[in-house]
file final19.txt (compact mmCIF, C-alpha atoms)
# COMPACT_ATOMS: atom_id res chain seq x y z
CA MET A 1 70.74 133.30 123.08
CA LYS A 2 72.94 132.84 126.16
CA HIS A 3 76.00 134.96 126.83
CA SER A 4 78.32 131.97 126.30
CA GLU A 5 76.71 131.19 122.94
CA VAL A 6 77.20 134.75 121.77
CA LEU A 7 80.80 134.64 122.93
CA GLU A 8 81.36 131.53 120.81
CA LEU A 9 79.92 133.18 117.71
CA LEU A 10 82.01 136.36 117.91
CA PRO A 11 84.91 135.16 115.69
CA TRP A 12 82.42 134.60 112.87
CA TYR A 13 80.72 137.89 113.55
CA VAL A 14 84.15 139.42 112.97
CA ASN A 15 84.61 137.60 109.66
CA ALA A 16 81.03 138.49 108.67
CA THR A 17 79.83 134.95 107.95
CA LEU A 18 76.96 134.71 110.45
CA ASP A 19 73.46 134.55 109.02
CA GLU A 20 71.23 137.59 109.40
CA GLN A 21 69.43 136.34 112.50
CA GLU A 22 72.63 135.39 114.32
CA ARG A 23 74.23 138.70 113.36
CA GLN A 24 71.33 140.71 114.78
CA THR A 25 71.28 138.64 117.99
CA VAL A 26 75.03 139.12 118.48
CA GLU A 27 74.85 142.86 117.83
CA ALA A 28 71.96 143.29 120.27
CA HIS A 29 73.83 141.34 122.96
CA VAL A 30 77.20 143.05 122.45
CA ALA A 31 75.55 146.47 122.75
CA GLY A 32 74.68 145.70 126.37
CA CYS A 33 77.57 143.39 127.38
CA SER A 34 80.92 144.92 128.17
CA GLU A 35 82.71 141.51 128.28
CA CYS A 36 81.54 140.61 124.78
CA ALA A 37 82.39 144.09 123.52
CA ALA A 38 85.94 143.75 124.86
CA GLU A 39 86.24 140.25 123.38
CA LEU A 40 85.03 141.59 120.05
CA GLU A 41 87.72 144.26 119.98
CA SER A 42 90.34 141.66 120.87
CA LEU A 43 89.11 139.38 118.05
CA VAL A 44 89.23 142.19 115.52
CA ALA A 45 92.85 142.79 116.50
CA MET A 46 93.56 139.07 116.32
CA ARG A 47 92.06 138.87 112.87
CA ARG A 48 94.13 141.83 111.72
CA MET A 49 97.24 140.08 113.02
CA VAL A 50 96.45 136.78 111.32
CA VAL A 51 95.68 138.48 108.01
CA SER A 52 98.82 140.57 108.26
CA ALA A 53 100.98 137.52 108.99
CA GLY A 54 99.32 135.60 106.13
CA ASP A 55 99.76 138.40 103.62
CA ALA A 56 103.41 138.71 104.59
CA GLY A 57 104.07 135.06 103.78
CA PRO A 58 105.68 133.82 100.59
CA VAL A 59 103.69 133.60 97.37
CA PRO A 60 103.63 130.50 95.18
CA SER A 61 105.52 130.43 91.92
CA PRO A 62 103.34 131.40 88.93
CA PHE A 63 105.05 128.62 86.97
CA MET A 64 103.27 126.04 89.09
CA LEU A 65 100.22 126.45 86.85
CA ASN A 66 102.18 125.15 83.85
CA ARG A 67 103.25 122.14 85.85
CA ALA A 68 99.67 121.50 86.90
CA LEU A 69 98.54 121.70 83.25
CA GLU A 70 101.28 119.25 82.24
CA GLN A 71 100.19 116.88 85.01
CA ILE A 72 96.62 117.10 83.75
CA GLU A 73 97.73 116.26 80.21
CA GLU A 74 99.68 113.26 81.49
CA TYR A 75 96.70 112.13 83.54
CA GLU A 76 94.32 112.47 80.60
CA ARG A 77 96.70 110.62 78.26
CA ALA A 78 97.03 107.76 80.74
CA LYS A 79 93.26 107.70 81.25
CA SER A 80 92.44 107.58 77.53
CA HIS A 81 95.11 104.91 77.02
CA GLN A 82 93.57 102.85 79.81
CA GLU A 83 90.09 103.29 78.37
CA ALA A 84 91.22 102.35 74.85
CA ALA A 85 93.31 99.35 75.90
CA PRO A 86 90.50 97.10 77.19
CA GLN A 87 88.47 97.57 73.97
CA GLU A 88 91.35 96.31 71.81
CA ALA A 89 92.44 93.53 74.05
CA THR A 90 89.23 92.34 75.68
CA PRO A 91 88.75 89.12 73.63
CA ARG A 92 92.31 87.96 74.26
CA ARG A 93 92.58 89.30 77.80
CA ALA A 94 90.13 86.78 79.21
CA GLU A 95 92.22 83.96 77.77
CA SER A 96 95.72 85.25 78.08
CA GLY A 97 95.34 87.08 81.37
CA PHE A 98 95.08 83.91 83.40
CA TRP A 99 97.83 82.08 81.56
CA LYS A 100 100.09 85.08 81.67
CA LYS A 101 99.64 85.23 85.43
CA MET A 102 100.30 81.51 85.72
CA VAL A 103 103.42 81.71 83.55
CA ASP A 104 104.72 84.70 85.51
CA TRP A 105 104.06 82.91 88.78
CA TRP A 106 105.71 79.72 87.48
CA GLN A 107 108.80 81.61 86.41
CA LEU A 108 109.11 83.24 89.80
CA THR A 109 108.82 79.91 91.63
CA PRO A 110 112.12 78.23 92.74
CA ALA A 111 113.25 75.18 90.72
CA PHE A 112 112.82 72.69 93.57
CA THR A 113 109.28 73.88 94.24
CA ARG A 114 108.50 73.61 90.52
CA PHE A 115 109.75 69.99 90.52
CA ALA A 116 107.69 69.13 93.62
CA ILE A 117 104.57 70.71 92.15
CA ALA A 118 105.07 68.85 88.84
CA ALA A 119 105.55 65.50 90.65
CA GLN A 120 102.42 66.04 92.71
CA LEU A 121 100.50 66.99 89.62
CA ILE A 122 101.57 63.79 87.82
CA LEU A 123 100.61 61.69 90.86
CA VAL A 124 97.19 63.28 91.10
CA VAL A 125 96.55 62.79 87.38
CA SER A 126 97.64 59.12 87.56
CA LEU A 127 95.34 58.45 90.47
CA GLY A 128 92.52 60.12 88.62
CA ILE A 129 93.09 57.96 85.54
CA THR A 130 93.20 54.79 87.68
CA VAL A 131 89.94 55.63 89.40
CA VAL A 132 88.22 56.41 86.11
CA TYR A 133 89.62 53.23 84.47
CA GLN A 134 88.40 51.07 87.32
CA GLY A 135 84.99 52.64 87.15
CA THR A 136 84.64 51.88 83.45
CA HIS A 137 86.14 48.35 83.65
CA PRO A 138 84.21 46.46 86.36
CA SER A 139 85.53 43.07 85.15
CA VAL A 140 88.92 43.83 86.61
CA ILE A 141 88.87 42.30 90.05
CA TYR A 142 91.65 42.84 92.51
CA VAL A 143 92.12 40.15 95.11
CA PRO A 144 94.25 40.90 98.14
CA LEU A 145 97.13 38.54 98.88
CA ALA A 146 95.38 37.44 102.09
CA GLY A 147 92.62 35.93 99.98
CA PRO A 148 89.12 37.02 99.34
CA SER A 149 86.88 38.03 102.19
CA SER A 150 84.29 35.41 103.05
CA ASP A 151 81.59 38.02 103.03
CA GLU A 152 82.02 38.46 99.32
CA LEU A 153 81.79 34.75 98.42
CA GLY A 154 78.88 32.66 97.40
CA ALA A 155 77.64 29.63 99.39
CA THR A 156 80.06 26.81 100.02
CA LEU A 157 79.72 23.04 100.13
CA ALA A 158 82.09 20.30 101.31
CA VAL A 159 82.38 17.54 98.73
CA LYS A 160 84.08 14.15 98.83
CA PHE A 161 84.86 12.62 95.46
CA SER A 162 85.38 8.89 94.91
CA GLN A 163 88.95 7.60 94.81
CA GLY A 164 88.99 6.96 91.05
CA ALA A 165 87.46 10.27 89.99
CA THR A 166 89.52 11.88 87.24
CA GLU A 167 90.22 15.55 86.95
CA GLN A 168 87.85 15.80 84.01
CA GLU A 169 85.02 14.14 85.96
CA ILE A 170 85.57 16.47 88.90
CA ARG A 171 85.56 19.46 86.51
CA GLN A 172 82.28 18.26 84.97
CA ALA A 173 80.72 17.91 88.43
CA LEU A 174 81.82 21.44 89.34
CA THR A 175 80.63 22.91 86.04
CA ALA A 176 77.18 21.45 86.63
CA VAL A 177 76.74 23.66 89.72
CA ASP A 178 78.98 26.53 88.49
CA GLY A 179 81.31 25.90 91.38
CA GLU A 180 85.02 26.03 92.04
CA ILE A 181 87.35 24.40 94.53
CA ILE A 182 88.61 26.99 96.97
CA ALA A 183 90.19 24.62 99.54
CA GLY A 184 91.04 20.99 100.18
CA PRO A 185 91.38 18.15 100.15
CA SER A 186 91.17 18.02 103.93
CA ALA A 187 92.21 15.08 106.10
CA LEU A 188 88.82 13.56 105.34
CA ASP A 189 89.33 14.07 101.55
CA LEU A 190 86.78 16.90 101.56
CA TYR A 191 87.05 19.72 99.05
CA THR A 192 85.47 23.07 99.79
CA ILE A 193 83.51 24.26 96.78
CA ARG A 194 82.23 27.74 96.27
CA LEU A 195 79.04 28.18 94.32
CA LYS A 196 80.01 31.28 92.34
CA HIS A 197 76.57 32.73 91.80
CA VAL A 198 74.64 31.47 94.81
CA PRO A 199 74.49 33.80 97.79
CA ARG A 200 74.81 32.27 101.26
CA ASN A 201 71.27 33.08 102.28
CA ARG A 202 69.63 31.29 99.31
CA THR A 203 69.10 27.91 101.01
CA GLU A 204 66.88 26.49 98.25
CA GLU A 205 69.46 27.09 95.56
CA ILE A 206 72.16 25.69 97.80
CA GLU A 207 70.09 22.59 98.39
CA ARG A 208 69.46 22.20 94.65
CA ALA A 209 73.20 22.44 93.96
CA ARG A 210 73.87 19.93 96.72
CA GLN A 211 71.39 17.43 95.18
CA THR A 212 72.91 17.96 91.72
CA LEU A 213 76.33 17.12 93.07
CA GLN A 214 74.96 14.22 95.11
CA GLN A 215 73.49 12.69 91.94
CA ASN A 216 76.93 12.65 90.31
CA PRO A 217 78.26 9.05 90.52
CA ARG A 218 81.76 10.32 91.30
CA VAL A 219 80.56 12.22 94.36
CA ILE A 220 80.45 10.23 97.55
CA THR A 221 79.09 12.84 99.87
CA VAL A 222 78.09 16.52 99.91
CA LEU A 223 77.88 18.50 103.13
CA GLN A 224 76.73 22.07 103.56
CA SER A 225 79.50 24.21 105.04
CA LYS A 226 78.91 26.48 108.03
CA MET B 1 79.78 148.52 119.27
CA THR B 2 81.87 151.57 118.48
CA GLN B 3 81.67 153.26 115.09
CA SER B 4 85.40 152.74 114.51
CA LEU B 5 85.07 149.00 115.14
CA LYS B 6 82.17 148.77 112.69
CA GLN B 7 84.21 150.65 110.13
CA GLU B 8 87.17 148.31 110.60
CA LEU B 9 84.98 145.27 110.13
CA GLU B 10 83.61 146.71 106.92
CA ASP B 11 87.03 147.78 105.63
CA THR B 12 88.70 144.46 106.26
CA GLY B 13 86.05 141.95 105.29
CA PRO B 14 87.04 138.32 104.83
CA GLY B 15 89.41 137.67 102.02
CA SER B 16 89.23 141.30 100.90
CA ASP B 17 92.75 141.17 99.44
CA PHE B 18 91.80 138.32 97.13
CA LYS B 19 88.57 139.95 96.10
CA GLU B 20 90.38 143.15 95.29
CA ALA B 21 92.90 141.23 93.24
CA LEU B 22 90.13 139.66 91.26
CA HIS B 23 87.94 142.78 91.19
CA MET B 24 84.94 140.86 92.36
CA GLY B 25 82.82 140.27 95.45
CA ASP B 26 82.83 137.14 97.60
CA GLU B 27 79.56 135.79 96.22
CA ASP B 28 80.86 136.26 92.69
CA ILE B 29 83.90 134.11 93.48
CA LYS B 30 81.76 131.35 94.99
CA ASP B 31 79.34 131.38 92.04
CA ASP B 32 82.23 131.21 89.62
CA LEU B 33 83.81 128.38 91.58
CA THR B 34 80.66 126.28 91.17
CA LEU B 35 80.58 127.03 87.46
CA TRP B 36 84.29 126.29 87.02
CA ILE B 37 83.95 122.95 88.79
CA GLN B 38 81.06 122.01 86.50
CA GLN B 39 83.09 122.98 83.44
CA ILE B 40 86.17 121.15 84.71
CA ALA B 41 84.02 118.03 85.06
CA GLU B 42 83.47 118.31 81.28
CA GLY B 43 87.23 118.56 80.71
CA ASN B 44 87.39 122.34 80.25
CA ARG B 45 91.02 123.41 80.69
CA ASP B 46 90.19 127.15 80.57
CA ALA B 47 87.92 126.73 83.59
CA PHE B 48 90.73 124.91 85.36
CA GLU B 49 93.14 127.77 84.66
CA LYS B 50 90.62 130.29 85.99
CA LEU B 51 90.04 128.31 89.17
CA TYR B 52 93.77 127.81 89.58
CA ARG B 53 94.54 131.51 89.25
CA ALA B 54 91.69 132.47 91.59
CA TYR B 55 92.51 129.99 94.35
CA GLN B 56 96.22 129.20 94.02
CA VAL B 57 97.31 131.85 96.54
CA ARG B 58 94.53 131.09 99.03
CA ILE B 59 95.19 127.37 98.99
CA PHE B 60 98.94 127.88 99.06
CA ARG B 61 98.74 130.24 102.05
CA PHE B 62 96.49 127.88 103.94
CA LEU B 63 98.95 125.05 103.29
CA PHE B 64 101.93 127.23 104.13
CA ARG B 65 100.31 128.22 107.42
CA MET B 66 99.71 124.56 108.18
CA LEU B 67 103.08 123.22 107.04
CA GLY B 68 105.51 126.14 107.20
CA GLU B 69 107.40 125.09 104.04
CA THR B 70 107.21 126.90 100.73
CA ALA B 71 108.22 124.09 98.39
CA THR B 72 105.99 121.49 100.02
CA SER B 73 103.08 123.93 100.10
CA GLU B 74 103.56 124.65 96.39
CA GLU B 75 103.63 120.96 95.55
CA LEU B 76 100.55 120.28 97.63
CA THR B 77 98.72 123.24 96.09
CA ASN B 78 99.21 121.58 92.73
CA ASP B 79 98.11 118.25 94.20
CA VAL B 80 94.90 119.89 95.43
CA MET B 81 94.25 121.39 91.98
CA ILE B 82 94.89 118.05 90.25
CA ALA B 83 92.53 116.41 92.74
CA VAL B 84 89.92 119.00 91.73
CA TRP B 85 90.44 118.09 88.07
CA LYS B 86 90.11 114.39 88.78
CA GLY B 87 87.22 114.71 91.22
CA ALA B 88 85.14 117.48 89.62
CA ALA B 89 82.77 115.00 87.97
CA GLY B 90 82.09 113.44 91.37
CA PHE B 91 81.30 116.78 93.04
CA LYS B 92 77.52 116.99 93.10
CA GLY B 93 77.18 120.02 95.34
CA GLN B 94 76.75 118.03 98.56
CA SER B 95 78.75 120.80 100.21
CA LYS B 96 79.77 124.33 99.25
CA PRO B 97 82.52 124.31 96.62
CA THR B 98 84.88 126.19 98.97
CA THR B 99 84.27 123.54 101.62
CA TRP B 100 85.16 120.85 99.11
CA LEU B 101 88.26 122.69 97.89
CA PHE B 102 89.62 123.49 101.35
CA GLY B 103 88.57 120.04 102.56
CA ILE B 104 90.96 118.52 100.02
CA ALA B 105 93.70 120.94 101.07
CA HIS B 106 93.13 120.26 104.77
CA HIS B 107 93.24 116.52 104.20
CA LYS B 108 96.48 116.77 102.26
CA ALA B 109 98.00 119.05 104.89
CA LEU B 110 97.21 116.59 107.68
CA ASN B 111 98.68 113.71 105.67
CA GLU B 112 101.81 115.72 105.06
CA LEU B 113 102.07 116.69 108.73
CA ARG B 114 101.95 113.03 109.71
CA ARG B 115 104.78 112.35 107.28
CA MET B 116 106.86 115.40 108.15
CA LYS B 117 109.19 116.13 111.01
CA PRO B 118 107.96 118.78 113.45
CA VAL B 119 107.11 121.97 111.63
CA THR B 120 109.89 124.46 111.10
CA VAL B 121 108.69 127.79 109.84
CA GLU B 122 110.51 129.73 107.21
CA VAL B 123 110.07 132.80 109.37
CA GLU B 124 112.59 134.85 107.44
CA LYS B 125 110.37 134.64 104.37
CA ALA B 126 107.16 134.69 106.33
CA GLY B 127 107.79 137.94 108.12
CA ALA B 128 110.06 139.75 105.71
CA ALA B 129 107.47 141.46 103.54
CA VAL B 130 107.59 145.21 103.77
CA ALA B 131 104.43 147.24 103.48
CA PRO B 132 104.53 149.95 100.83
CA GLY B 133 105.28 153.34 102.33
CA ASP B 134 107.21 151.99 105.33
CA GLY B 135 110.35 153.79 106.35
CA PRO B 136 113.41 151.67 107.35
CA GLU B 137 112.58 151.70 111.07
CA GLU B 138 108.88 151.06 110.56
CA ALA B 139 109.68 148.28 108.15
CA LEU B 140 112.01 146.63 110.66
CA THR B 141 109.47 146.89 113.47
CA ARG B 142 106.69 145.55 111.26
CA SER B 143 108.90 142.74 110.03
CA ASN B 144 109.85 141.68 113.57
CA LEU B 145 106.26 141.85 114.68
CA ARG B 146 105.12 139.66 111.80
CA GLN B 147 107.82 137.15 112.59
CA ASP B 148 106.68 137.07 116.21
CA ILE B 149 103.05 136.62 115.20
CA GLN B 150 104.02 133.96 112.70
CA HIS B 151 105.92 132.19 115.48
CA ALA B 152 102.95 132.49 117.82
CA LEU B 153 100.58 131.01 115.24
CA GLN B 154 103.01 128.20 114.58
CA GLN B 155 102.92 127.27 118.27
CA LEU B 156 99.27 126.22 117.88
CA SER B 157 98.30 122.63 117.18
CA PRO B 158 97.40 121.88 113.52
CA GLU B 159 93.67 121.78 114.41
CA HIS B 160 93.76 125.11 116.22
CA ARG B 161 95.91 126.67 113.51
CA ALA B 162 93.49 125.46 110.84
CA VAL B 163 90.45 126.96 112.61
CA MET B 164 92.27 130.26 113.15
CA GLU B 165 93.44 130.38 109.54
CA LEU B 166 90.13 129.33 107.98
CA THR B 167 88.19 131.81 110.10
CA PHE B 168 90.34 134.90 110.04
CA TYR B 169 92.42 134.59 106.88
CA GLN B 170 90.12 132.62 104.61
CA GLY B 171 86.94 134.20 105.99
CA LEU B 172 84.88 131.02 106.13
CA SER B 173 81.79 130.35 108.24
CA TYR B 174 81.92 127.90 111.14
CA GLN B 175 79.62 125.56 109.19
CA GLU B 176 82.05 125.54 106.26
CA ILE B 177 85.00 124.94 108.60
CA ALA B 178 83.15 122.02 110.18
CA GLY B 179 82.69 120.58 106.68
CA ILE B 180 86.35 121.09 105.81
CA MET B 181 87.64 119.57 109.03
CA GLN B 182 84.98 116.85 109.06
CA CYS B 183 83.87 117.58 112.61
CA PRO B 184 80.75 118.93 114.36
CA VAL B 185 80.24 122.72 114.46
CA ASN B 186 80.56 122.68 118.25
CA THR B 187 84.04 121.21 117.89
CA VAL B 188 84.96 124.11 115.60
CA LYS B 189 83.74 126.59 118.23
CA THR B 190 85.62 124.78 120.98
CA ARG B 191 88.80 124.69 118.91
CA MET B 192 88.47 128.40 118.23
CA PHE B 193 88.05 129.06 121.97
CA TYR B 194 91.26 127.20 122.82
CA ALA B 195 93.16 128.56 119.80
CA LYS B 196 92.29 132.10 120.87
CA LYS B 197 93.31 131.44 124.44
CA GLN B 198 96.57 129.79 123.42
CA LEU B 199 97.46 132.54 120.98
CA GLN B 200 96.79 135.16 123.63
CA GLN B 201 99.07 133.29 126.05
CA VAL B 202 101.85 132.95 123.50
CA LEU B 203 101.64 136.63 122.61
CA GLN B 204 101.60 137.51 126.30
CA LYS B 205 104.78 135.52 126.87
CA GLY B 206 106.40 137.38 124.00
CA GLY B 207 105.25 140.72 125.40
CA LEU B 208 102.90 141.22 122.43
CA GLU B 209 99.58 141.14 124.26
CA GLY B 210 99.20 144.84 123.47
CA GLU B 211 98.69 143.87 119.85
CA LEU B 212 95.32 142.48 120.79
CA LEU B 213 94.14 145.62 122.49
call {"tool": "encode", "arguments": {"input": "final19.txt", "output": "structure tokens"}}
result
Amino acid sequence: MKHSEVLELLPWYVNATLDEQERQTVEAHVAGCSECAAELESLVAMRRMVVSAGDAGPVPSPFMLNRALEQIEEYERAKSHQEAAPQEATPRRAESGFWKKMVDWWQLTPAFTRFAIAAQLILVVSLGITVVYQGTHPSVIYVPLAGPSSDELGATLAVKFSQGATEQEIRQALTAVDGEIIAGPSALDLYTIRLKHVPRNRTEEIERARQTLQQNPRVITVLQSK
Amino acid sequence: MTQSLKQELEDTGPGSDFKEALHMGDEDIKDDLTLWIQQIAEGNRDAFEKLYRAYQVRIFRFLFRMLGETATSEELTNDVMIAVWKGAAGFKGQSKPTTWLFGIAHHKALNELRRMKPVTVEVEKAGAAVAPGDGPEEALTRSNLRQDIQHALQQLSPEHRAVMELTFYQGLSYQEIAGIMQCPVNTVKTRMFYAKKQLQQVLQKGGLEGELL
């Protein structure tokens, strides 16, 4: 062991806590090292001083033990109370704990905020109901004021009825092709008819509807719209 | 090493005053401490009382040396003991029981020091004890000297003071001190080196260097 290492260990040689090997090494070194021997004497004096100053200090009150025992009793009581409480209240706690927190939070919230939260809640619920209602009632169709989009319509035909055609005869002609007048009459007495269930790309069905209309004596002409 | 030095080391072994008070050797105290902690973990109040009586003064004096206030040191001594009661079940012998006990005390002392104003020592109380058999003049000289030494120790930083106190007053090994202060053993040795140097300088300033010779 180096001189510096021995020097570092001397305080613990003085308090007799070195292990046997360290103690022997230190003793062997100190026997032949005047610097370490002088340091050792100084440390012994230092230790004596520290012990003397410590012993001369105040002593704690013997009554502190009673206080410590009281504190322990309090701690144990609180602990057993805490341990017992969950067993009694567990079934209700899961339910009431959340609601209790919510009620406490609600009561602490300012009145204006409560009103705003309630209004928002009502709005959200109403929207939810509307969405669900629409989903379960597909027959309800909403048409914008600007009119239906042409993309959603069926095929259309331009039809000219004879001058003497009555409303009933026109209705019969339309019923035969399941159509409806969506515009007209134009300057050329043409009515635009929408074939409700015939998509625009079904040319054969459109042609069949056109021929059906054309065969009606009250129909003068039928043109396919663009 | 001189014969007189050897004799002094044997006569004033670590913590000899406590051992005398308890009529037992150092190993006995440590063995009992382990047993008491085990019993405390099972809720044994008698074991707690025994541990309290055996270590109250040691813990208190360590705290007093660190903090310099009687009332606070008393309160914290109780806090340490209550922490032992609460934590005994969790102590699985990872360290020596004294390391654990003084580790709690050291931790509490540092927390308190952070909270406190700069340390003011109750030097009147600290140095006023009179050794039995002292005459009036001897008692006065001894009392003044103790006050000066107390002052000198109080000049050290908390870390240096702790190493000095744990080594010389509490008689703990450098490994135990490293465990208590949660630092490497080399740091303990370095702190001791500077604590020694600083104490020597303070005593020199006060004309007390002769006390170390």
call {"tool": "interface_residues", "arguments": {"input": "final19.txt", "of": "chain A", "to": "chain B", "cutoff": "7 Å", "atoms": "all atoms listed in the file", "output": "list in words"}}
result
Glu8, Trp12, Val14, Asn15, Ala16, Thr17, Leu18, Val30, Ala31, Ala37, Ser42, Ala45, Met46, Arg47, Val50, Val51, Ala53, Gly54, Ala56, Gly57, Pro58, Val59, Pro60, Ala68 and Ile72 of chain A
call {"tool": "closest_residue", "arguments": {"input": "final19.txt", "among": "A:Asp178, A:Glu83, A:Glu70, A:Glu22", "to": "Val198 of chain A", "atoms": "all atoms listed in the file"}}
result
A:Asp178
call {"tool": "atom_distance", "arguments": {"input": "final19.txt", "atom1": "atom CA of Asp189 of chain A", "atom2": "atom CA of Ala165 of chain A"}}
result
12.3 Å
call {"tool": "closest_residue", "arguments": {"input": "final19.txt", "among": "A:Pro199, A:Arg208, A:Ile220, A:Leu108", "to": "Val177 of chain A", "atoms": "all atoms listed in the file"}}
result
A:Arg208
call {"tool": "atom_distance", "arguments": {"input": "final19.txt", "atom1": "atom CA of Phe161 of chain A", "atom2": "atom CA of Leu190 of chain A"}}
result
7.7 Å
call {"tool": "atom_distance", "arguments": {"input": "final19.txt", "atom1": "atom CA of Arg218 of chain A", "atom2": "atom CA of Asn201 of chain A"}}
result
27.4 Å
call {"tool": "residues_around", "arguments": {"input": "final19.txt", "residues": "His3 of chain A", "least_positions_apart": "2", "cutoff": "12 Å", "atoms": "all atoms listed in the file", "output": "PDB file with C-alpha atoms, in the coordinates of the input"}}
result
ATOM      1  CA  MET A   1      70.740 133.300 123.080  1.00  0.00           C
ATOM      2  CA  GLU A   5      76.710 131.190 122.940  1.00  0.00           C
ATOM      3  CA  VAL A   6      77.200 134.750 121.770  1.00  0.00           C
ATOM      4  CA  LEU A   7      80.800 134.640 122.930  1.00  0.00           C
ATOM      5  CA  GLU A   8      81.360 131.530 120.810  1.00  0.00           C
ATOM      6  CA  LEU A   9      79.920 133.180 117.710  1.00  0.00           C
ATOM      7  CA  LEU A  10      82.010 136.360 117.910  1.00  0.00           C
ATOM      8  CA  THR A  25      71.280 138.640 117.990  1.00  0.00           C
ATOM      9  CA  VAL A  26      75.030 139.120 118.480  1.00  0.00           C
ATOM     10  CA  ALA A  28      71.960 143.290 120.270  1.00  0.00           C
ATOM     11  CA  HIS A  29      73.830 141.340 122.960  1.00  0.00           C
ATOM     12  CA  VAL A  30      77.200 143.050 122.450  1.00  0.00           C
ATOM     13  CA  GLY A  32      74.680 145.700 126.370  1.00  0.00           C
ATOM     14  CA  CYS A  33      77.570 143.390 127.380  1.00  0.00           C
ATOM     15  CA  SER A  34      80.920 144.920 128.170  1.00  0.00           C
ATOM     16  CA  GLU A  35      82.710 141.510 128.280  1.00  0.00           C
ATOM     17  CA  CYS A  36      81.540 140.610 124.780  1.00  0.00           C
ATOM     18  CA  ALA A  37      82.390 144.090 123.520  1.00  0.00           C
TER      19      ALA A  37
END
